[in-house]
Structures are given as structure tokens and as C-alpha cells.
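A.B. asks: I have a structure I would like to understand better, so I am pasting it below and will then ask my questions one at a time.
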Amino acid sequence: MRKLTALLATAVVGVAPTQAVAAPDPVPVQLVSITDFHGYLRPPSVADGGTIAGPDGKAQVVGGAAYLATHLQGIRAGHRNSILFADGDNFSGWPFEVDAHADEPTIEALNALGIEFSSVGNHELDVSKSFLVDHMTRGKCFGKPGVDSCFKDSTGRRFHGADFEFQSANIVDAKGRPIVAPYTIRWVRDHGRSYPVGFIGLTVPDTPVGSTSYQPDLKALDPVESANRAAAELTRKGVKAIVLNMHDGGTDASATYDNCINPTGPAIDLARKVTPQIDAIVTGHWHAAFNCSIPDPDGNPRPVVEAANHGRLISEINLQLDRRTGEVLRDRTTSTNHAVTRDVTPDPKLQKIVDYWAAAGERKYAEPVATITGDFTRTANAVGESTLADLAADVHLWTAKKADLGLIAAKPAIGSTALRQDLMVANSNKPGDADGRVLLGESWEAYGYGNPVLTVSLTGAELDAVLEQQWQGNKFAPLAVSKNVSYSFDASRPEGDRIDPKDIQINGASLDPAKTYRVAALAYTVIGADGYTAFKSYYRDPVRTDTDHETFAAYLRAHKVLTPAPLTRVLQKG
């Protein structure tokens, strides 16, 4: 037997190398992803990002769900093991027809595209955990079906939720429990054998305190630790190919969508830190476009890609798995970003969905919500007060219910105001409009950018400090106050000392510096993003109410007839 073994060994040694040691062909796996779709079913306008710089630097016209579907079909054609997924911020978008229908149009479109799973983006939590888990995922209705949610889709069926699942390894509830699964495993087949590929979801860590996604009952865990923990768990389960589907991003210095020059940002930093067990990283959130290869902590390169936003790009990563071990052969990995150009035939199935919801949006837009007897405009008087800003401050007080006062940044020190369009008595000549009538679409356009109203605690002294920050060097950033509040200021006094607390009246009583007041304002203002840093420094005990668009429409419906109030809430001394 020993001799026979030796002879066999000699025979093997004598065989040509290509016959003796040739490895079997690897198993190809195609990963196809989109990010930050934000409900852009219709092609975005040029002003709204409807172009992207191509490889030659020239602008290409891009976007639109029906064009996206056609490009996806072409990219995936001929790939036996192709996995299509999203990187978060799928819904909670800005198109009216989507927002007015509880983001359900986006889910119908993504279902039709064949999305298999998605990470949780910050905007997935713009309403609540329940909205994501119960409504968007499971199809549970809220409010009145057909009016508030569970609308009929383009096929005539009632909304049933997503045909795909969501993952996040780092967002947990107040008790530390994950709100969704941290990862998902997909199986690919080749020559009768199955191989697992794990996908870890990760969410931008400031989500629980972000302006739109502010959720005081949630918290974010460290993203690197969360990703490493999930990767270790997948490895223990025998998964050798692991992808990080991370809704956080970065940018690079290139001007084109399929390049990588000097990349920076949190996703790039994380890519250099997370465990080498992760073989590829898909990013989002920054609405950037890059195709990078970044070494892991062991020095081995792995792709890090981002596909812009609004359905303008598609990222493609092609992995090659070792047929014997299921490991990713890193040196054979390739990645490409593809522009969703409009020089192809739009997919008819998706086009039907787009057209259906566009028409539904037009009907929603024309719904009357109130009557006004005078114009509510953003035009400010000498002290920064305007009829539309005062109305919005009243809305904040009304929706918070237990607040002592409402505030809104009429002209913030930084960023943009939530007051976006005047409400005019004159007929706009849009379908359904008449003199004095306010349409739902007009209310949506006049106020809001998808922010929740927060009610927070401030002492009287802290509230005074916030009001003093209306003057910041050469900038005047007026804050409008609700109708139960008035104050006066002396512009001749030093900055930071222009309002005497005794001159601030709330419900007819002078401000008490030691008393705690409940203040209702948009989250963007509360967290200091508008430039009122005292707000961010002092606020506590936040309670979230409804989002701005919905709150404004509800207020208009409840009050039915509105007359602009005189601009007497703020007075200047001298």
C-alpha cells in the first residue's frame, strides 16, 4: 500500500501543473443597488437634480422609475445570481403625490422593481418606528383607509406593504432591542450547490436626533461595533461572503459618477475600520456618486460605492466566490456605477404606476382644506413679523396642545425657512381653486419640509437667550411667536441684551426667568440647525408630535376660515 501511494504521488507530481492545481471556476454573484430614492417616481427636473456628470464631464439627463426599471433589466440580464437591494431613504420623499398618499406609491414602485431588501435610512424613521415596521412593511392601516392610508394602488388593490424587508444593526429602542433584523442572508446557487451571502444593514448614527427623523424613544449604537458584531455572527453561521449595506456616506473630489479621487466622509472612515470579514460596502445618505476601492484593516482592497439619489444611478458590484469555500476572491471583485439615462424605452409596467400616482396626486392637490379672507405672506415688517410666520407659530402651539408657546424661524440665520410659499386669496387658476380657497397642495407648498414639531422644556432665562439670538452680527434672524405671546426689543442695546425678560408676555403674564416653559418648534430649529445654538444647548424633555405638512393641513381643516392677524406681536422700542 505504501509503495502504491508513493507511485501515485509520483504520478501526480509528473502531471502538468495546469491539470493538477487548476482551481475550479469561481461562483459569480452580482450585487445591484440604488440609494436615496425618496419617492421620485417621476423623472426629476433639471433644477431638482435631473442631470449628472458623465465620464466625459458632460451632463447626462437621468432619473425616473420607468427608466430605472429598464436599466435594471439590462444590467441584470444574463446574471444567474443577481441580488437587487436598496440602501435606505426609499420613501418619506418630497414629491407631493407620494407624501399625500402616506409614501405608499414608493412601495408599489419598489415592489414592482423587485427590490429584495433595504437598510433603514434616517428618512425611513421620519414618522415613527411603527410607521416603518407596521405600515410600510406589513401594510397595517392607520387613520381612515383610503383617506389617511391604505390607498388603492395602480392595480386597484389596497396597499399591502413592502414585498421586501429592512435591516439595521445599530438602531435600537429604549430598551436596547433592535427595531428590525440586523442582517439578512441570501443564497446563490451554482452547479447544484448553495452559497450564503450576508448583508448587514447600518443606519446613519444621528438618526434618532436628526431634524426629520427625530425619535426620542430610539437610540443609535456605535456603527463600527455594530457592523463588526453582525459580521462575527454571520461568520459563526458559516457565511463567508459579507456585504455592508450602510446608509451613511461620503464624497470624493471627482466630478463624475464612476470615479474616486480623495474620498472623505464617515462612510470612508468606517470603511477603513470595519472588520476584514466584510467584503464590500454600499453607502448612501450623502446623495454622492463615487466608485472607490479602499483597503480594509488588513490592507486588502474592497469596493465602497454610492449611487447618488432619486433613482439617477445604479451601483453594480460583481463578486467571485471560491467554489470550495464560499469566500470572496477580492482580487476578482469589480464595481461600476451606471447612469439611469432617459435614452431608453421606459418600462411600461412602471410607467403605468408612475402615471397612476401622478393623476392621484393631482386629485389630492385640488382638495380644499380652508378658506382665507386675506393673504398670508412671508413679507416681513420692520421687526421681521409676517402673517404667514405668525400663522405657522400658531400651528405649532395648536398641534403641541400642552405647550406654552409656539415658535418658528421666519428667516433663519443659516439654512432655509420652512415658509416656502405665500397663501393668496386670489384664484391661482389651478384645478379646483377659487378666490379665498386653500387647496391641500397649496398648503403643502406653503409650509414645511418634512420636519416634526417638537415640544421641549426651556426655563424663562433660556427662552430669553434663544430670542436674543435673533441678532447675530450683521444678520437678523427673526423668530415668529404664537398669538398668546408678545415682546418688545431695543435695537440700540448690545447684542445679547436687547430684550428685557419683563417685556416678554406669555398668556398675559411676564416671563419668569426661573419657570419652565414648554415650547413648540420644528426639530430643525430645536437642534440648532437654524443657527439658534442656545436652543440646542438648553432644550430637554422632547416630545414629538406630527410632521409639518400634515400638521399645517390639519390646522387649516380644523379652523376652516382664517383671517390674517395684525402684526403686533413684536414691537421695537424707541
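Letters A, B, ... mark the chains of the C-alpha cells in the order given; residue numbers begin at 1 per chain; ligand numbers begin at 1, in order shown.
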Can you tell me, as a ChimeraX atom specification, what residues are no more than 12 Å from Leu313 (chain A) when counting only C-alpha atoms, ignoring any on the same chain fewer than 5 positions away?

C.D. replies: /A:32-37,49-54,60-65,67-69,71-72,75,86,256-258,284,287-291,305-308,336-342

A.B. asks: May I have a table of the residues of region 240-268 of chain A lying at most 12 Å from region 192-207 of chain A, giving each one's closest pair of atoms and their distance in Å to one decimal, counting only C-alpha atoms, ordered by chain and ascending residue number, as a Markdown table?

C.D. replies:
```
| residue | atom | partner | partner_atom | distance |
| --- | --- | --- | --- | --- |
| A:Lys240 | CA | A:Val197 | CA | 7.1 |
| A:Ala241 | CA | A:Val197 | CA | 5.0 |
| A:Ile242 | CA | A:Gly198 | CA | 4.6 |
| A:Val243 | CA | A:Phe199 | CA | 4.8 |
| A:Leu244 | CA | A:Ile200 | CA | 4.9 |
| A:Asn245 | CA | A:Gly201 | CA | 5.0 |
| A:Met246 | CA | A:Leu202 | CA | 4.5 |
| A:His247 | CA | A:Thr203 | CA | 4.9 |
| A:Asp248 | CA | A:Val204 | CA | 4.9 |
| A:Gly249 | CA | A:Val204 | CA | 8.5 |
| A:Gly250 | CA | A:Val204 | CA | 11.5 |
| A:Gly265 | CA | A:Val204 | CA | 12.0 |
| A:Pro266 | CA | A:Val204 | CA | 9.2 |
| A:Ala267 | CA | A:Val204 | CA | 9.4 |
```

A.B. asks: Write to file, as a PDB file, in the first residue's frame, the residues of the selection just made, with N, CA, C and O atoms.

C.D. replies:
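The resulting again-v1.pdb:
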```
ATOM      1  N   LYS A 240     -19.425  33.279   4.548  1.00  0.00           N
ATOM      2  CA  LYS A 240     -18.069  33.732   4.236  1.00  0.00           C
ATOM      3  C   LYS A 240     -18.049  34.979   3.358  1.00  0.00           C
ATOM      4  O   LYS A 240     -17.029  35.666   3.285  1.00  0.00           O
ATOM      5  N   ALA A 241     -19.150  35.265   2.676  1.00  0.00           N
ATOM      6  CA  ALA A 241     -19.255  36.464   1.826  1.00  0.00           C
ATOM      7  C   ALA A 241     -20.192  37.438   2.518  1.00  0.00           C
ATOM      8  O   ALA A 241     -21.370  37.146   2.726  1.00  0.00           O
ATOM      9  N   ILE A 242     -19.677  38.620   2.889  1.00  0.00           N
ATOM     10  CA  ILE A 242     -20.456  39.570   3.688  1.00  0.00           C
ATOM     11  C   ILE A 242     -20.378  40.962   3.060  1.00  0.00           C
ATOM     12  O   ILE A 242     -19.300  41.443   2.701  1.00  0.00           O
ATOM     13  N   VAL A 243     -21.536  41.606   2.966  1.00  0.00           N
ATOM     14  CA  VAL A 243     -21.656  42.945   2.387  1.00  0.00           C
ATOM     15  C   VAL A 243     -22.238  43.877   3.445  1.00  0.00           C
ATOM     16  O   VAL A 243     -23.194  43.516   4.133  1.00  0.00           O
ATOM     17  N   LEU A 244     -21.669  45.062   3.582  1.00  0.00           N
ATOM     18  CA  LEU A 244     -22.216  46.076   4.478  1.00  0.00           C
ATOM     19  C   LEU A 244     -23.071  47.041   3.654  1.00  0.00           C
ATOM     20  O   LEU A 244     -22.569  47.716   2.753  1.00  0.00           O
ATOM     21  N   ASN A 245     -24.359  47.084   3.966  1.00  0.00           N
ATOM     22  CA  ASN A 245     -25.311  47.950   3.272  1.00  0.00           C
ATOM     23  C   ASN A 245     -25.593  49.131   4.197  1.00  0.00           C
ATOM     24  O   ASN A 245     -26.524  49.104   4.996  1.00  0.00           O
ATOM     25  N   MET A 246     -24.783  50.156   4.099  1.00  0.00           N
ATOM     26  CA  MET A 246     -24.716  51.213   5.100  1.00  0.00           C
ATOM     27  C   MET A 246     -25.353  52.513   4.609  1.00  0.00           C
ATOM     28  O   MET A 246     -24.913  53.093   3.621  1.00  0.00           O
ATOM     29  N   HIS A 247     -26.367  52.971   5.352  1.00  0.00           N
ATOM     30  CA  HIS A 247     -26.947  54.268   4.995  1.00  0.00           C
ATOM     31  C   HIS A 247     -26.203  55.383   5.735  1.00  0.00           C
ATOM     32  O   HIS A 247     -26.699  56.012   6.670  1.00  0.00           O
ATOM     33  N   ASP A 248     -25.027  55.600   5.311  1.00  0.00           N
ATOM     34  CA  ASP A 248     -24.217  56.766   5.636  1.00  0.00           C
ATOM     35  C   ASP A 248     -23.222  56.858   4.505  1.00  0.00           C
ATOM     36  O   ASP A 248     -22.947  55.859   3.827  1.00  0.00           O
ATOM     37  N   GLY A 249     -22.683  58.029   4.256  1.00  0.00           N
ATOM     38  CA  GLY A 249     -21.916  58.166   3.026  1.00  0.00           C
ATOM     39  C   GLY A 249     -20.695  59.039   3.125  1.00  0.00           C
ATOM     40  O   GLY A 249     -20.091  59.189   4.183  1.00  0.00           O
ATOM     41  N   GLY A 250     -20.357  59.599   1.998  1.00  0.00           N
ATOM     42  CA  GLY A 250     -19.179  60.435   1.887  1.00  0.00           C
ATOM     43  C   GLY A 250     -19.193  61.127   0.538  1.00  0.00           C
ATOM     44  O   GLY A 250     -20.236  61.240  -0.119  1.00  0.00           O
ATOM     45  N   GLY A 265     -15.338  61.438   4.312  1.00  0.00           N
ATOM     46  CA  GLY A 265     -16.665  61.299   4.896  1.00  0.00           C
ATOM     47  C   GLY A 265     -16.751  60.121   5.839  1.00  0.00           C
ATOM     48  O   GLY A 265     -15.855  59.259   5.891  1.00  0.00           O
ATOM     49  N   PRO A 266     -17.833  60.040   6.617  1.00  0.00           N
ATOM     50  CA  PRO A 266     -17.961  58.974   7.619  1.00  0.00           C
ATOM     51  C   PRO A 266     -17.944  57.568   7.041  1.00  0.00           C
ATOM     52  O   PRO A 266     -17.412  56.648   7.657  1.00  0.00           O
ATOM     53  N   ALA A 267     -18.520  57.383   5.855  1.00  0.00           N
ATOM     54  CA  ALA A 267     -18.513  56.049   5.251  1.00  0.00           C
ATOM     55  C   ALA A 267     -17.099  55.634   4.864  1.00  0.00           C
ATOM     56  O   ALA A 267     -16.734  54.458   4.975  1.00  0.00           O
TER      57      ALA A 267
END
```

A.B. asks: Which residues come within 7 Å of Trp357 (chain A), counting only C-alpha atoms, excluding same-chain residues fewer than 4 positions away, as a short mmCIF file (atom, residue, chain, number, x, y, z; two decimals) with C-alpha atoms, in the first residue's frame?

C.D. replies:
```
data_model
loop_
_atom_site.label_atom_id
_atom_site.label_comp_id
_atom_site.auth_asym_id
_atom_site.auth_seq_id
_atom_site.Cartn_x
_atom_site.Cartn_y
_atom_site.Cartn_z
CA GLU A 97 -48.13 62.76 -4.87
CA PRO A 105 -46.66 54.91 -4.11
CA ILE A 353 -47.56 53.04 -11.78
CA GLY A 361 -51.60 63.43 -6.77
#
```

A.B. asks: Excluding same-chain residues fewer than 2 positions from Ser416 (chain A), what lies within 12 Å of it counting only C-alpha atoms, as JSON, numbers by chain?

C.D. replies: {"A": [408, 409, 410, 411, 412, 413, 414, 418, 419, 420, 447, 448, 449, 477, 524, 525, 529, 530, 531]}

A.B. asks: Can you spit out the residues from that selection as a CSV table (one decimal), in the first residue's frame, using all heavy atoms?

C.D. replies:
```csv
chain,number,residue,atom,x,y,z
A,408,ILE,N,-41.3,79.8,15.4
A,408,ILE,CA,-40.8,79.3,14.1
A,408,ILE,C,-39.8,80.3,13.6
A,408,ILE,O,-39.9,81.5,13.8
A,408,ILE,CB,-41.9,79.1,13.0
A,408,ILE,CG1,-41.4,78.5,11.8
A,408,ILE,CG2,-42.6,80.4,12.7
A,408,ILE,CD1,-42.4,78.0,10.8
A,409,ALA,N,-38.7,79.8,12.9
A,409,ALA,CA,-37.7,80.6,12.4
A,409,ALA,C,-38.3,81.2,11.1
A,409,ALA,O,-38.4,80.5,10.0
A,409,ALA,CB,-36.4,79.8,12.1
A,410,ALA,N,-38.6,82.5,11.1
A,410,ALA,CA,-39.2,83.1,9.9
A,410,ALA,C,-38.1,83.3,8.8
A,410,ALA,O,-38.4,83.2,7.6
A,410,ALA,CB,-39.8,84.4,10.3
A,411,LYS,N,-36.9,83.7,9.3
A,411,LYS,CA,-35.8,83.9,8.4
A,411,LYS,C,-34.5,83.4,9.2
A,411,LYS,O,-33.9,84.2,9.8
A,411,LYS,CB,-35.7,85.3,8.0
A,411,LYS,CG,-34.6,85.5,6.9
A,411,LYS,CD,-34.5,87.0,6.5
A,411,LYS,CE,-33.5,87.2,5.5
A,411,LYS,NZ,-33.3,88.7,5.1
A,412,PRO,N,-34.2,82.1,9.1
A,412,PRO,CA,-33.2,81.6,10.0
A,412,PRO,C,-31.8,82.1,9.7
A,412,PRO,O,-31.6,82.6,8.5
A,412,PRO,CB,-33.2,80.1,9.7
A,412,PRO,CG,-33.9,79.9,8.4
A,412,PRO,CD,-34.9,81.1,8.3
A,413,ALA,N,-30.9,82.1,10.7
A,413,ALA,CA,-29.6,82.6,10.5
A,413,ALA,C,-28.8,81.8,9.5
A,413,ALA,O,-28.0,82.3,8.7
A,413,ALA,CB,-28.8,82.6,11.8
A,414,ILE,N,-29.1,80.5,9.4
A,414,ILE,CA,-28.5,79.6,8.4
A,414,ILE,C,-29.6,78.6,7.9
A,414,ILE,O,-30.6,78.5,8.6
A,414,ILE,CB,-27.3,78.8,9.0
A,414,ILE,CG1,-27.7,78.0,10.2
A,414,ILE,CG2,-26.1,79.7,9.3
A,414,ILE,CD1,-26.6,77.1,10.8
A,418,ALA,N,-38.9,77.1,6.7
A,418,ALA,CA,-40.0,76.2,6.4
A,418,ALA,C,-41.1,76.9,5.7
A,418,ALA,O,-42.1,76.3,5.2
A,418,ALA,CB,-40.5,75.5,7.6
A,419,LEU,N,-41.1,78.2,5.7
A,419,LEU,CA,-42.1,79.0,5.0
A,419,LEU,C,-41.7,79.2,3.5
A,419,LEU,O,-40.8,79.9,3.2
A,419,LEU,CB,-42.2,80.4,5.7
A,419,LEU,CG,-42.4,80.3,7.2
A,419,LEU,CD1,-42.3,81.7,7.8
A,419,LEU,CD2,-43.8,79.7,7.5
A,420,ARG,N,-42.4,78.5,2.6
A,420,ARG,CA,-41.8,78.4,1.3
A,420,ARG,C,-42.7,79.1,0.2
A,420,ARG,O,-42.2,79.3,-0.9
A,420,ARG,CB,-41.7,76.9,0.9
A,420,ARG,CG,-40.8,76.1,1.9
A,420,ARG,CD,-40.6,74.7,1.5
A,420,ARG,NE,-41.9,74.0,1.5
A,420,ARG,CZ,-42.3,73.1,0.6
A,420,ARG,NH1,-41.5,72.8,-0.5
A,420,ARG,NH2,-43.4,72.5,0.6
A,447,TYR,N,-45.8,75.6,3.5
A,447,TYR,CA,-45.2,75.5,4.7
A,447,TYR,C,-44.7,74.0,4.9
A,447,TYR,O,-45.4,73.1,4.6
A,447,TYR,CB,-46.1,75.8,5.9
A,447,TYR,CG,-45.8,75.3,7.2
A,447,TYR,CD1,-44.8,75.9,8.0
A,447,TYR,CD2,-46.3,74.1,7.7
A,447,TYR,CE1,-44.5,75.4,9.3
A,447,TYR,CE2,-46.0,73.6,9.0
A,447,TYR,CZ,-45.1,74.3,9.7
A,447,TYR,OH,-44.7,73.8,11.0
A,448,GLY,N,-43.4,73.9,5.4
A,448,GLY,CA,-42.9,72.6,5.7
A,448,GLY,C,-41.9,72.0,4.8
A,448,GLY,O,-41.9,72.3,3.6
A,449,TYR,N,-41.0,71.2,5.4
A,449,TYR,CA,-40.0,70.4,4.6
A,449,TYR,C,-39.8,69.1,5.3
A,449,TYR,O,-38.7,68.6,5.3
A,449,TYR,CB,-38.7,71.2,4.4
A,449,TYR,CG,-38.2,72.0,5.6
A,449,TYR,CD1,-38.3,71.5,6.9
A,449,TYR,CD2,-37.5,73.2,5.4
A,449,TYR,CE1,-37.8,72.3,8.0
A,449,TYR,CE2,-37.0,74.0,6.5
A,449,TYR,CZ,-37.2,73.5,7.8
A,449,TYR,OH,-36.7,74.2,8.8
A,477,ALA,N,-32.2,87.4,12.3
A,477,ALA,CA,-32.9,86.1,12.0
A,477,ALA,C,-34.2,86.0,12.9
A,477,ALA,O,-34.2,85.4,14.0
A,477,ALA,CB,-32.0,84.9,12.4
A,524,TYR,N,-35.8,71.0,13.4
A,524,TYR,CA,-34.6,71.6,12.8
A,524,TYR,C,-34.2,72.8,13.6
A,524,TYR,O,-33.0,73.1,13.7
A,524,TYR,CB,-35.0,72.1,11.3
A,524,TYR,CG,-33.8,72.4,10.4
A,524,TYR,CD1,-33.1,71.4,9.9
A,524,TYR,CD2,-33.5,73.7,10.1
A,524,TYR,CE1,-32.0,71.6,9.0
A,524,TYR,CE2,-32.4,74.0,9.3
A,524,TYR,CZ,-31.7,72.9,8.8
A,524,TYR,OH,-30.6,73.2,7.9
A,525,THR,N,-35.1,73.6,14.1
A,525,THR,CA,-34.8,74.7,14.9
A,525,THR,C,-34.3,74.3,16.3
A,525,THR,O,-33.3,74.8,16.8
A,525,THR,CB,-36.0,75.6,15.1
A,525,THR,OG1,-36.5,76.0,13.8
A,525,THR,CG2,-35.7,76.9,15.9
A,529,ALA,N,-30.0,73.6,14.1
A,529,ALA,CA,-29.6,73.6,12.6
A,529,ALA,C,-29.9,75.0,12.0
A,529,ALA,O,-29.4,75.3,10.9
A,529,ALA,CB,-30.3,72.5,11.9
A,530,ASP,N,-30.9,75.7,12.5
A,530,ASP,CA,-31.2,77.0,12.0
A,530,ASP,C,-30.2,78.1,12.4
A,530,ASP,O,-30.3,79.3,12.0
A,530,ASP,CB,-32.6,77.4,12.5
A,530,ASP,CG,-33.7,76.9,11.6
A,530,ASP,OD1,-33.4,76.6,10.4
A,530,ASP,OD2,-34.8,76.7,12.1
A,531,GLY,N,-29.3,77.8,13.4
A,531,GLY,CA,-28.4,78.8,13.8
A,531,GLY,C,-28.7,79.3,15.2
A,531,GLY,O,-27.9,80.1,15.7
```

A.B. asks: A:Pro26, A:Ile268, A:Ala100, A:Arg363: which is nearest Arg330 (chain A), counting only C-alpha atoms?

C.D. replies: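 Closest candidate: A:Pro26.
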